[in-house]
$ cat query_10.csv   # CSV, C-alpha atoms
chain,number,residue,atom,x,y,z
A,1,MET,CA,120.1,67.0,41.3
A,2,ALA,CA,122.3,67.9,38.3
A,3,HIS,CA,119.6,70.4,37.2
A,4,THR,CA,119.7,72.1,40.7
A,5,GLY,CA,123.5,72.5,40.5
A,6,ARG,CA,123.3,73.9,36.9
A,7,THR,CA,120.6,76.4,37.8
A,8,ARG,CA,122.5,77.6,40.8
A,9,GLY,CA,125.7,77.9,38.8
A,10,LEU,CA,123.9,79.9,36.1
A,11,LEU,CA,122.3,82.3,38.6
A,12,LEU,CA,125.6,82.8,40.5
A,13,GLY,CA,127.3,83.6,37.2
A,14,LEU,CA,124.6,86.1,36.3
A,15,VAL,CA,124.9,88.0,39.5
A,16,SER,CA,128.7,87.9,39.2
A,17,ALA,CA,128.3,89.4,35.7
A,18,LEU,CA,126.1,92.2,37.0
A,19,LEU,CA,128.6,93.2,39.7
A,20,PHE,CA,131.6,93.0,37.4
A,21,GLY,CA,129.8,94.8,34.5
A,22,ILE,CA,129.2,98.0,36.5
A,23,ALA,CA,132.9,98.2,37.3
A,24,THR,CA,133.8,99.3,33.8
A,25,PRO,CA,131.9,102.7,33.8
A,26,ALA,CA,132.8,103.2,37.5
A,27,SER,CA,136.5,102.6,36.7
A,28,LYS,CA,136.3,104.9,33.7
A,29,GLN,CA,135.2,107.7,36.0
A,30,LEU,CA,137.9,106.9,38.6
A,31,LEU,CA,140.6,106.9,36.0
A,32,ALA,CA,140.2,110.7,35.8
A,33,SER,CA,141.6,110.8,39.4
A,34,LEU,CA,143.8,107.8,39.7
A,35,PRO,CA,146.6,106.1,37.5
A,36,ALA,CA,145.7,102.7,36.1
A,37,THR,CA,148.1,100.7,38.3
A,38,VAL,CA,147.0,102.5,41.5
A,39,LEU,CA,143.3,102.0,40.6
A,40,ALA,CA,144.0,98.3,39.9
A,41,GLY,CA,145.7,97.9,43.3
A,42,LEU,CA,142.8,99.6,45.1
A,43,LEU,CA,140.2,97.6,43.3
A,44,TYR,CA,141.8,94.3,44.4
A,45,LEU,CA,142.6,95.5,47.9
A,46,GLY,CA,138.9,96.4,48.2
A,47,ALA,CA,138.1,92.8,47.2
A,48,ALA,CA,140.4,91.5,49.9
A,49,LEU,CA,139.0,93.7,52.6
A,50,ALA,CA,135.4,92.7,51.7
A,51,LEU,CA,136.3,89.0,52.0
A,52,LEU,CA,138.4,89.2,55.1
A,53,PRO,CA,135.5,88.8,57.5
A,54,ILE,CA,134.3,85.7,55.6
A,55,VAL,CA,137.8,84.2,55.6
A,56,LEU,CA,138.2,84.8,59.3
A,57,ARG,CA,134.8,83.4,60.1
A,58,ARG,CA,135.6,80.2,58.1
A,59,LYS,CA,138.9,79.9,59.9
A,60,GLY,CA,137.0,80.1,63.3
A,61,GLU,CA,134.6,77.4,62.1
A,62,ARG,CA,137.4,75.1,61.1
A,63,ARG,CA,139.0,75.6,64.6
A,64,ARG,CA,135.7,74.6,66.2
A,65,GLU,CA,135.3,71.6,63.9
A,66,GLN,CA,138.8,70.4,64.9
A,67,ASP,CA,137.8,70.8,68.5
A,68,GLY,CA,134.7,68.6,67.9
A,69,GLY,CA,132.1,71.3,68.0
A,70,GLY,CA,129.3,71.9,65.5
A,71,GLY,CA,127.7,69.6,63.0
A,72,ALA,CA,130.4,69.7,60.4
A,73,PRO,CA,133.2,67.0,60.3
A,74,ALA,CA,135.9,67.3,62.9
A,75,GLN,CA,139.2,66.7,61.0
A,76,GLU,CA,142.5,68.4,60.5
A,77,ARG,CA,142.7,70.4,57.3
A,78,LYS,CA,145.6,69.5,55.1
A,79,ARG,CA,147.8,72.2,53.5
A,80,PRO,CA,146.9,72.6,49.7
A,81,ASP,CA,149.4,70.7,47.6
A,82,ARG,CA,152.0,72.3,45.4
A,83,ARG,CA,149.8,71.9,42.2
A,84,ASN,CA,146.9,73.9,43.7
A,85,GLN,CA,149.3,76.5,45.2
A,86,LEU,CA,150.8,77.0,41.7
A,87,ARG,CA,147.2,77.3,40.3
A,88,LEU,CA,146.4,80.0,42.8
A,89,LEU,CA,149.7,81.8,42.1
A,90,GLY,CA,148.9,81.7,38.3
A,91,ALA,CA,145.4,83.0,39.0
A,92,VAL,CA,146.8,85.8,41.1
A,93,PHE,CA,149.2,86.9,38.4
A,94,PHE,CA,147.0,86.6,35.3
A,95,GLY,CA,143.7,87.5,36.9
A,96,GLY,CA,144.8,89.9,39.6
A,97,VAL,CA,147.8,91.7,38.2
A,98,ALA,CA,148.0,91.4,34.4
A,99,GLY,CA,144.3,91.4,33.6
A,100,PRO,CA,143.1,94.5,35.5
A,101,VAL,CA,146.1,96.7,34.6
A,102,LEU,CA,145.8,95.8,30.9
A,103,LEU,CA,142.0,96.5,31.0
A,104,LEU,CA,142.4,99.9,32.7
A,105,LEU,CA,145.1,100.9,30.3
A,106,GLY,CA,142.8,100.0,27.4
A,107,LEU,CA,139.9,101.8,29.1
A,108,GLU,CA,141.9,105.0,29.2
A,109,ARG,CA,142.0,104.9,25.4
A,110,ALA,CA,138.4,103.9,24.5
A,111,GLN,CA,134.7,104.5,25.6
A,112,ALA,CA,133.4,102.5,28.5
A,113,ALA,CA,130.6,101.1,26.4
A,114,SER,CA,133.0,99.8,23.7
A,115,VAL,CA,135.4,98.3,26.2
A,116,SER,CA,132.5,96.7,28.1
A,117,MET,CA,131.5,94.8,24.9
A,118,LEU,CA,135.0,94.0,23.9
A,119,LEU,CA,135.4,92.2,27.2
A,120,SER,CA,133.0,89.5,25.7
A,121,LEU,CA,136.1,88.2,23.9
A,122,GLU,CA,137.2,86.8,27.3
A,123,THR,CA,134.6,84.1,26.6
A,124,VAL,CA,136.5,83.0,23.5
A,125,ALA,CA,139.8,83.1,25.2
A,126,THR,CA,138.5,81.0,28.0
A,127,ALA,CA,137.0,78.4,25.6
A,128,VAL,CA,140.1,78.1,23.5
A,129,LEU,CA,142.4,77.7,26.5
A,130,ALA,CA,139.9,75.2,28.1
A,131,LEU,CA,140.0,73.1,25.0
A,132,LEU,CA,143.8,73.2,24.6
A,133,PHE,CA,144.9,72.8,28.2
A,134,PHE,CA,142.1,72.0,30.7
A,135,ARG,CA,140.3,69.0,29.3
A,136,GLU,CA,136.9,70.7,28.8
A,137,GLN,CA,134.5,69.6,26.1
A,138,MET,CA,132.2,71.8,24.2
A,139,GLY,CA,128.9,70.6,22.7
A,140,ARG,CA,127.0,72.0,19.7
A,141,TRP,CA,125.0,74.6,21.6
A,142,THR,CA,128.1,75.9,23.4
A,143,TRP,CA,129.9,76.3,20.0
A,144,ILE,CA,126.9,78.2,18.6
A,145,ALA,CA,126.6,80.3,21.7
A,146,SER,CA,130.4,81.1,21.5
A,147,ALA,CA,130.0,82.2,17.9
A,148,GLY,CA,127.1,84.4,18.9
A,149,VAL,CA,129.3,86.1,21.6
A,150,VAL,CA,132.1,86.6,19.0
A,151,VAL,CA,129.7,88.2,16.5
A,152,ALA,CA,128.2,90.5,19.2
A,153,SER,CA,131.7,91.5,20.3
A,154,GLY,CA,132.6,92.4,16.7
A,155,MET,CA,129.4,94.4,16.3
A,156,LEU,CA,130.1,96.5,19.4
A,157,ALA,CA,133.9,96.8,18.9
A,158,PHE,CA,133.2,99.1,15.9
A,159,ASP,CA,129.9,100.8,16.9
A,160,ARG,CA,131.6,104.2,16.7
A,161,GLY,CA,134.5,103.4,14.5
A,162,VAL,CA,137.6,101.3,15.2
A,163,PRO,CA,138.9,102.0,18.7
A,164,SER,CA,142.6,102.9,19.0
A,165,LEU,CA,144.7,99.9,18.0
A,166,ILE,CA,146.7,100.1,21.2
A,167,GLY,CA,143.5,100.2,23.3
A,168,ALA,CA,141.9,97.3,21.5
A,169,LEU,CA,145.0,95.2,21.8
A,170,LEU,CA,145.3,96.0,25.6
A,171,VAL,CA,141.7,94.9,26.1
A,172,LEU,CA,142.3,91.7,24.1
A,173,ALA,CA,145.4,90.9,26.2
A,174,ALA,CA,143.4,91.4,29.3
A,175,CYS,CA,140.8,88.9,28.0
A,176,VAL,CA,143.5,86.3,27.4
A,177,ALA,CA,144.9,86.9,30.9
A,178,TRP,CA,141.4,86.5,32.5
A,179,GLY,CA,140.8,83.4,30.3
A,180,LEU,CA,143.8,81.7,31.9
A,181,ASP,CA,142.6,82.9,35.3
A,182,ASN,CA,139.1,81.5,34.7
A,183,ASN,CA,140.4,78.0,33.8
A,184,LEU,CA,142.8,77.9,36.7
A,185,THR,CA,140.2,79.0,39.3
A,186,ALA,CA,137.8,76.3,38.1
A,187,VAL,CA,140.1,73.5,39.0
A,188,ILE,CA,141.6,74.8,42.3
A,189,ASP,CA,140.8,72.7,45.3
A,190,GLY,CA,142.2,73.0,48.8
A,191,PHE,CA,141.0,76.7,48.9
A,192,THR,CA,137.5,77.8,49.3
A,193,PRO,CA,136.3,80.4,46.7
A,194,SER,CA,136.4,83.1,49.4
A,195,GLU,CA,140.0,82.2,50.4
A,196,SER,CA,141.3,82.1,46.8
A,197,THR,CA,139.7,85.4,46.0
A,198,PHE,CA,141.0,87.0,49.2
A,199,TRP,CA,144.6,85.9,48.5
A,200,LYS,CA,144.3,87.0,44.9
A,201,GLY,CA,143.0,90.4,46.0
A,202,LEU,CA,145.6,90.9,48.8
A,203,ILE,CA,148.6,89.9,46.7
A,204,ALA,CA,147.5,91.5,43.5
A,205,GLY,CA,146.4,94.7,45.3
A,206,VAL,CA,149.8,95.1,47.1
A,207,VAL,CA,151.8,94.4,43.9
A,208,ASN,CA,149.7,96.8,41.7
A,209,LEU,CA,149.6,99.5,44.3
A,210,SER,CA,153.4,99.2,44.9
A,211,LEU,CA,153.9,99.4,41.1
A,212,GLY,CA,151.6,102.4,40.9
A,213,PHE,CA,153.6,104.3,43.6
A,214,ALA,CA,156.8,103.5,41.9
A,215,LEU,CA,155.6,104.9,38.5
A,216,HIS,CA,153.4,107.8,39.6
A,217,ARG,CA,153.4,110.5,42.3
A,218,THR,CA,150.0,110.3,43.8
A,219,GLY,CA,148.5,110.9,47.2
A,220,LEU,CA,145.4,110.0,49.2
A,221,SER,CA,142.0,111.3,48.0
A,222,GLY,CA,138.3,110.6,48.1
A,223,ALA,CA,138.7,108.5,45.0
A,224,TRP,CA,140.6,105.9,47.0
A,225,LEU,CA,137.4,105.1,49.1
A,226,TRP,CA,135.3,104.9,46.0
A,227,ALA,CA,137.9,102.6,44.4
A,228,LEU,CA,137.9,100.3,47.4
A,229,LEU,CA,134.1,100.2,47.4
A,230,VAL,CA,134.0,99.3,43.7
A,231,GLY,CA,136.6,96.6,44.3
A,232,ALA,CA,134.7,95.1,47.2
A,233,LEU,CA,131.5,94.7,45.1
A,234,SER,CA,132.7,94.2,41.6
A,235,TYR,CA,135.9,92.2,42.3
A,236,GLY,CA,135.4,90.7,45.7
A,237,MET,CA,131.8,89.5,45.6
A,238,SER,CA,131.8,89.1,41.8
A,239,ILE,CA,134.9,86.9,41.7
A,240,THR,CA,133.7,84.7,44.6
A,241,LEU,CA,130.4,84.1,42.9
A,242,TYR,CA,132.1,83.4,39.6
A,243,ILE,CA,134.4,80.7,41.3
A,244,HIS,CA,131.3,79.1,42.8
A,245,SER,CA,129.7,79.1,39.3
A,246,ALA,CA,132.8,77.7,37.6
A,247,GLN,CA,133.0,74.9,40.1
A,248,LEU,CA,129.4,74.0,39.5
A,249,ILE,CA,129.2,74.2,35.7
A,250,GLY,CA,132.8,74.5,34.4
A,251,ALA,CA,134.9,77.4,33.2
A,252,VAL,CA,133.5,77.6,29.7
A,253,ARG,CA,129.8,77.6,30.7
A,254,SER,CA,130.3,79.9,33.6
A,255,GLN,CA,132.2,82.3,31.4
A,256,MET,CA,129.4,82.2,28.9
A,257,VAL,CA,127.0,83.4,31.6
A,258,PHE,CA,129.6,85.9,32.7
A,259,ALA,CA,129.7,87.2,29.1
A,260,THR,CA,126.5,89.1,29.9
A,261,ALA,CA,128.6,91.5,32.0
A,262,PRO,CA,129.2,93.9,29.1
A,263,VAL,CA,125.5,94.4,28.8
A,264,PHE,CA,125.4,95.7,32.4
A,265,GLY,CA,128.5,97.8,31.6
A,266,VAL,CA,126.8,99.4,28.6
A,267,VAL,CA,123.7,100.2,30.7
A,268,GLY,CA,126.0,101.7,33.4
A,269,ALA,CA,127.9,103.8,30.7
A,270,LEU,CA,124.6,105.2,29.4
A,271,ALA,CA,123.1,106.0,32.8
A,272,TRP,CA,126.2,107.0,34.7
A,273,LEU,CA,128.6,108.5,32.1
A,274,GLY,CA,126.0,109.8,29.7
A,275,GLU,CA,127.4,107.9,26.7
A,276,ALA,CA,125.0,107.8,23.7
A,277,LEU,CA,123.1,104.6,22.8
A,278,VAL,CA,123.3,103.3,19.2
A,279,PRO,CA,121.0,100.6,17.7
A,280,LEU,CA,124.0,98.3,17.1
A,281,GLN,CA,124.5,98.0,20.9
A,282,LEU,CA,120.9,96.9,21.3
A,283,GLY,CA,121.3,94.3,18.6
A,284,ALA,CA,124.5,93.0,20.2
A,285,ALA,CA,122.8,92.8,23.6
A,286,ALA,CA,120.0,90.8,22.2
A,287,LEU,CA,122.5,88.5,20.5
A,288,LEU,CA,124.2,87.9,23.8
A,289,ALA,CA,120.9,87.1,25.5
A,290,VAL,CA,120.2,84.5,22.7
A,291,ALA,CA,123.6,83.0,23.2
A,292,LEU,CA,123.0,82.6,26.9
A,293,LEU,CA,119.6,80.9,26.2
A,294,LEU,CA,121.3,78.5,23.7
A,295,LEU,CA,123.9,77.6,26.4
A,296,SER,CA,121.1,76.5,28.8
A,297,LEU,CA,119.8,74.0,26.1
A,298,GLU,CA,123.0,71.9,26.2
A,299,ARG,CA,122.7,68.4,27.5
A,300,HIS,CA,125.5,66.0,28.1
A,301,GLU,CA,125.0,62.5,29.6
A,302,HIS,CA,126.9,59.2,29.4
A,303,GLU,CA,128.3,56.5,31.7
A,304,HIS,CA,131.6,57.8,33.3
A,305,VAL,CA,134.1,56.8,36.0
A,306,HIS,CA,135.1,58.8,39.0
A,307,GLU,CA,138.4,57.6,40.2
A,308,ALA,CA,139.2,57.7,44.0
A,309,VAL,CA,140.4,61.2,45.0
A,310,GLU,CA,140.8,63.3,48.1
A,311,HIS,CA,140.3,67.1,47.9
A,312,GLU,CA,138.5,70.1,49.4
A,313,HIS,CA,135.8,72.3,48.0
A,314,SER,CA,132.3,73.5,48.6
A,315,HIS,CA,129.7,70.7,48.3
A,316,ARG,CA,126.4,69.2,49.3
A,317,HIS,CA,125.3,65.6,49.9
A,318,ASP,CA,122.2,65.6,47.7
A,319,GLU,CA,123.8,65.7,44.3
A,320,GLY,CA,125.0,62.0,43.9
A,321,HIS,CA,128.7,62.4,44.3
A,322,HIS,CA,129.4,63.1,48.0
A,323,LEU,CA,128.4,60.0,49.7
A,324,HIS,CA,130.2,60.4,53.1
A,325,GLN,CA,128.0,61.2,56.0
A,326,HIS,CA,127.9,63.9,58.8
A,327,GLU,CA,125.7,63.2,61.8
A,328,GLY,CA,123.1,65.9,62.2
A,329,LEU,CA,124.0,67.8,59.0
A,330,PRO,CA,121.2,68.1,56.4
A,331,ALA,CA,122.1,66.7,53.0
A,332,SER,CA,121.1,70.0,51.4
A,333,HIS,CA,123.5,72.0,53.6
A,334,ARG,CA,126.5,73.5,51.6
A,335,HIS,CA,129.8,73.2,53.4
A,336,SER,CA,133.5,72.8,52.7
A,337,HIS,CA,136.1,70.4,54.1
A,338,ARG,CA,138.6,67.9,53.0
A,339,HIS,CA,137.0,64.6,52.0
A,340,ARG,CA,137.6,61.4,50.0
A,341,HIS,CA,135.7,60.0,47.1
A,342,GLU,CA,135.8,56.2,46.4
A,343,ARG,CA,135.8,55.0,42.9
A,344,LEU,CA,132.3,55.4,41.3
A,345,ILE,CA,130.7,54.5,38.0
A,346,HIS,CA,127.4,56.0,37.0
A,347,SER,CA,125.5,57.9,34.3
A,348,HIS,CA,123.7,61.3,34.6
A,349,GLN,CA,123.7,64.7,33.0
A,350,HIS,CA,126.8,66.6,33.8
A,351,TRP,CA,128.9,69.6,32.9
A,352,PRO,CA,132.7,69.8,33.3
A,353,ASP,CA,132.9,70.8,37.0
A,354,LEU,CA,135.5,69.6,39.5
A,355,HIS,CA,134.3,66.1,39.3
A,356,HIS,CA,133.7,65.8,35.6
A,357,ARG,CA,136.9,66.4,33.7
A,358,HIS,CA,137.2,62.9,32.3
A,359,GLN,CA,138.3,62.3,28.7
A,360,HIS,CA,135.8,61.7,25.9
$ encode --input "query_10.csv" --output "structure tokens"
Amino acid sequence: MAHTGRTRGLLLGLVSALLFGIATPASKQLLASLPATVLAGLLYLGAALALLPIVLRRKGERRREQDGGGGAPAQERKRPDRRNQLRLLGAVFFGGVAGPVLLLLGLERAQAASVSMLLSLETVATAVLALLFFREQMGRWTWIASAGVVVASGMLAFDRGVPSLIGALLVLAACVAWGLDNNLTAVIDGFTPSESTFWKGLIAGVVNLSLGFALHRTGLSGAWLWALLVGALSYGMSITLYIHSAQLIGAVRSQMVFATAPVFGVVGALAWLGEALVPLQLGAAALLAVALLLLSLERHEHEHVHEAVEHEHSHRHDEGHHLHQHEGLPASHRHSHRHRHERLIHSHQHWPDLHHRHQH
């Protein structure tokens, strides 16, 4: 059961990395036609537009559930509490406003391949912040894998000489902003992954686009449609899949999987932008692959206590923690609603997901 959740989390994180990785070369090309703030706004509005049908469908399902229809539980949904609202607001600011603008400003000053690999530093930022503020633990293999990512990032940061200092610092600042975003989204409940991504995209898109219009004189063009499409895939679907992954395996582990995104970014830069390949990039890509393999070797098991709690998130009933019943609903069916956990003591392999943030 734990193995199934871990495998699902790893696969979702990998697909998320693929979609996000190709955004870097695509954005590099779009920056020739759009200012960074305008492009950031369009990318996140594209994410919101892509997720709007999912959010509306889920809203309709909840209405039917409250009317007593369907196989899911019929119960009134409570408004997310202030703590989770603040978490979402923080994720919107750091992940939707600050992060993408800083990245695009850095991308204006460096090659797409170099920036793609520098983004691996987001893993380090996520890990440090998780240890300091979010009660995550890191085992031996995670530490070794993190070191591998740092070394690979260093190799690719200087593959063609030191990037401009300002550009490198901007990318580093974007990594810190996304590190905060990663940890906040991993502990949000009361919002489904699609809902939190939708609101992040809508609010951040409007803020960045308004800022872009205030700072630059720009009009409609075909680049707008391409930017919205890139946003729908690389930010909308990618972020949603990342949130699912983080809730299954924790922010640090999901970020380690997501750290493969630069590999896809480099491939896109080579195929799309015609940037030259150097042996150092191949070595760093191999090192990132080894780091991901080492991450999958980690095992963590001990007796632990789940205190009684009430919250809402995506879950199944065949993984040993969600013991409430729904008539006519298969245990393997993934769904989301507000539910209560009674106090539980047991032992099994686990990672720091929503239910395993206990002290060690």
$ closest_residue --input "query_10.csv" --among "A:Leu31, A:Ala26, A:Ala269, A:Leu39" --to "Gly212 of chain A" --atoms "only C-alpha atoms"
A:Leu39
$ closest_residue --input "query_10.csv" --among "A:Leu121, A:Val150, A:Tyr44, A:Asn182" --to "Arg253 of chain A" --atoms "all atoms listed in the file"
A:Asn182
$ closest_atom_pairs --input "query_10.csv" --of "segment 10-30 of chain A" --to "segment 231-238 of chain A" --cutoff "9 Å" --atoms "only C-alpha atoms" --output "CSV"
residue,atom,partner,partner_atom,distance
A:Leu12,CA,A:Ser238,CA,8.9
A:Gly13,CA,A:Ser238,CA,8.5
A:Val15,CA,A:Ser238,CA,7.4
A:Ser16,CA,A:Ser238,CA,4.2
A:Ala17,CA,A:Ser238,CA,7.0
A:Leu18,CA,A:Ser238,CA,8.1
A:Leu19,CA,A:Ser234,CA,4.6
A:Phe20,CA,A:Ser234,CA,4.5
A:Gly21,CA,A:Ser234,CA,7.7
A:Ile22,CA,A:Ser234,CA,7.3
A:Ala23,CA,A:Ser234,CA,5.9
$ residues_around --input "query_10.csv" --residues "Val55 of chain A" --least-positions-apart "4" --cutoff "8 Å" --atoms "all atoms listed in the file" --output "number ranges by chain"
A: 51, 59, 194-195, 198
$ atom_distance --input "query_10.csv" --atom1 "atom CA of Leu180 of chain A" --atom2 "atom CA of Ala91 of chain A"
7.4 Å
$ residues_around --input "query_10.csv" --residues "Val266 of chain A" --least-positions-apart "5" --cutoff "12 Å" --atoms "all atoms listed in the file" --output "MDAnalysis selection string"
chainID A and resid 18 20:26 111:119 156 260:261 271:278 280:282 284:285
$ write_last_selection --input "query_10.csv" --atoms "C-alpha atoms" --output "PDB file, in the coordinates of the input"
ATOM      1  CA  LEU A  18     126.100  92.200  37.000  1.00  0.00           C
ATOM      2  CA  PHE A  20     131.600  93.000  37.400  1.00  0.00           C
ATOM      3  CA  GLY A  21     129.800  94.800  34.500  1.00  0.00           C
ATOM      4  CA  ILE A  22     129.200  98.000  36.500  1.00  0.00           C
ATOM      5  CA  ALA A  23     132.900  98.200  37.300  1.00  0.00           C
ATOM      6  CA  THR A  24     133.800  99.300  33.800  1.00  0.00           C
ATOM      7  CA  PRO A  25     131.900 102.700  33.800  1.00  0.00           C
ATOM      8  CA  ALA A  26     132.800 103.200  37.500  1.00  0.00           C
ATOM      9  CA  GLN A 111     134.700 104.500  25.600  1.00  0.00           C
ATOM     10  CA  ALA A 112     133.400 102.500  28.500  1.00  0.00           C
ATOM     11  CA  ALA A 113     130.600 101.100  26.400  1.00  0.00           C
ATOM     12  CA  SER A 114     133.000  99.800  23.700  1.00  0.00           C
ATOM     13  CA  VAL A 115     135.400  98.300  26.200  1.00  0.00           C
ATOM     14  CA  SER A 116     132.500  96.700  28.100  1.00  0.00           C
ATOM     15  CA  MET A 117     131.500  94.800  24.900  1.00  0.00           C
ATOM     16  CA  LEU A 118     135.000  94.000  23.900  1.00  0.00           C
ATOM     17  CA  LEU A 119     135.400  92.200  27.200  1.00  0.00           C
ATOM     18  CA  LEU A 156     130.100  96.500  19.400  1.00  0.00           C
ATOM     19  CA  THR A 260     126.500  89.100  29.900  1.00  0.00           C
ATOM     20  CA  ALA A 261     128.600  91.500  32.000  1.00  0.00           C
ATOM     21  CA  ALA A 271     123.100 106.000  32.800  1.00  0.00           C
ATOM     22  CA  TRP A 272     126.200 107.000  34.700  1.00  0.00           C
ATOM     23  CA  LEU A 273     128.600 108.500  32.100  1.00  0.00           C
ATOM     24  CA  GLY A 274     126.000 109.800  29.700  1.00  0.00           C
ATOM     25  CA  GLU A 275     127.400 107.900  26.700  1.00  0.00           C
ATOM     26  CA  ALA A 276     125.000 107.800  23.700  1.00  0.00           C
ATOM     27  CA  LEU A 277     123.100 104.600  22.800  1.00  0.00           C
ATOM     28  CA  VAL A 278     123.300 103.300  19.200  1.00  0.00           C
ATOM     29  CA  LEU A 280     124.000  98.300  17.100  1.00  0.00           C
ATOM     30  CA  GLN A 281     124.500  98.000  20.900  1.00  0.00           C
ATOM     31  CA  LEU A 282     120.900  96.900  21.300  1.00  0.00           C
ATOM     32  CA  ALA A 284     124.500  93.000  20.200  1.00  0.00           C
ATOM     33  CA  ALA A 285     122.800  92.800  23.600  1.00  0.00           C
TER      34      ALA A 285
END
$ closest_residue --input "query_10.csv" --among "A:Leu220, A:Leu30, A:Leu172, A:Ala308" --to "Ser153 of chain A" --atoms "all atoms listed in the file"
A:Leu172
$ atom_distance --input "query_10.csv" --atom1 "atom CA of Pro35 of chain A" --atom2 "atom CA of Leu52 of chain A"
25.7 Å
$ closest_residue --input "query_10.csv" --among "A:Glu327, A:Glu122, A:Glu342, A:Glu108" --to "Ala177 of chain A" --atoms "all atoms listed in the file"
A:Glu122
$ residues_around --input "query_10.csv" --residues "Arg8 of chain A" --least-positions-apart "3" --cutoff "12 Å" --atoms "all atoms listed in the file" --output "PDB file with C-alpha atoms, in the frame of the given file"
ATOM      1  CA  MET A   1     120.100  67.000  41.300  1.00  0.00           C
ATOM      2  CA  ALA A   2     122.300  67.900  38.300  1.00  0.00           C
ATOM      3  CA  HIS A   3     119.600  70.400  37.200  1.00  0.00           C
ATOM      4  CA  THR A   4     119.700  72.100  40.700  1.00  0.00           C
ATOM      5  CA  GLY A   5     123.500  72.500  40.500  1.00  0.00           C
ATOM      6  CA  LEU A  11     122.300  82.300  38.600  1.00  0.00           C
ATOM      7  CA  LEU A  12     125.600  82.800  40.500  1.00  0.00           C
ATOM      8  CA  GLY A  13     127.300  83.600  37.200  1.00  0.00           C
ATOM      9  CA  LEU A  14     124.600  86.100  36.300  1.00  0.00           C
ATOM     10  CA  VAL A  15     124.900  88.000  39.500  1.00  0.00           C
ATOM     11  CA  LEU A 241     130.400  84.100  42.900  1.00  0.00           C
ATOM     12  CA  TYR A 242     132.100  83.400  39.600  1.00  0.00           C
ATOM     13  CA  HIS A 244     131.300  79.100  42.800  1.00  0.00           C
ATOM     14  CA  SER A 245     129.700  79.100  39.300  1.00  0.00           C
ATOM     15  CA  ALA A 246     132.800  77.700  37.600  1.00  0.00           C
ATOM     16  CA  GLN A 247     133.000  74.900  40.100  1.00  0.00           C
ATOM     17  CA  LEU A 248     129.400  74.000  39.500  1.00  0.00           C
ATOM     18  CA  ILE A 249     129.200  74.200  35.700  1.00  0.00           C
ATOM     19  CA  SER A 254     130.300  79.900  33.600  1.00  0.00           C
ATOM     20  CA  VAL A 257     127.000  83.400  31.600  1.00  0.00           C
TER      21      VAL A 257
END
$ atom_distance --input "query_10.csv" --atom1 "atom CA of His317 of chain A" --atom2 "atom CA of Arg63 of chain A"
22.4 Å
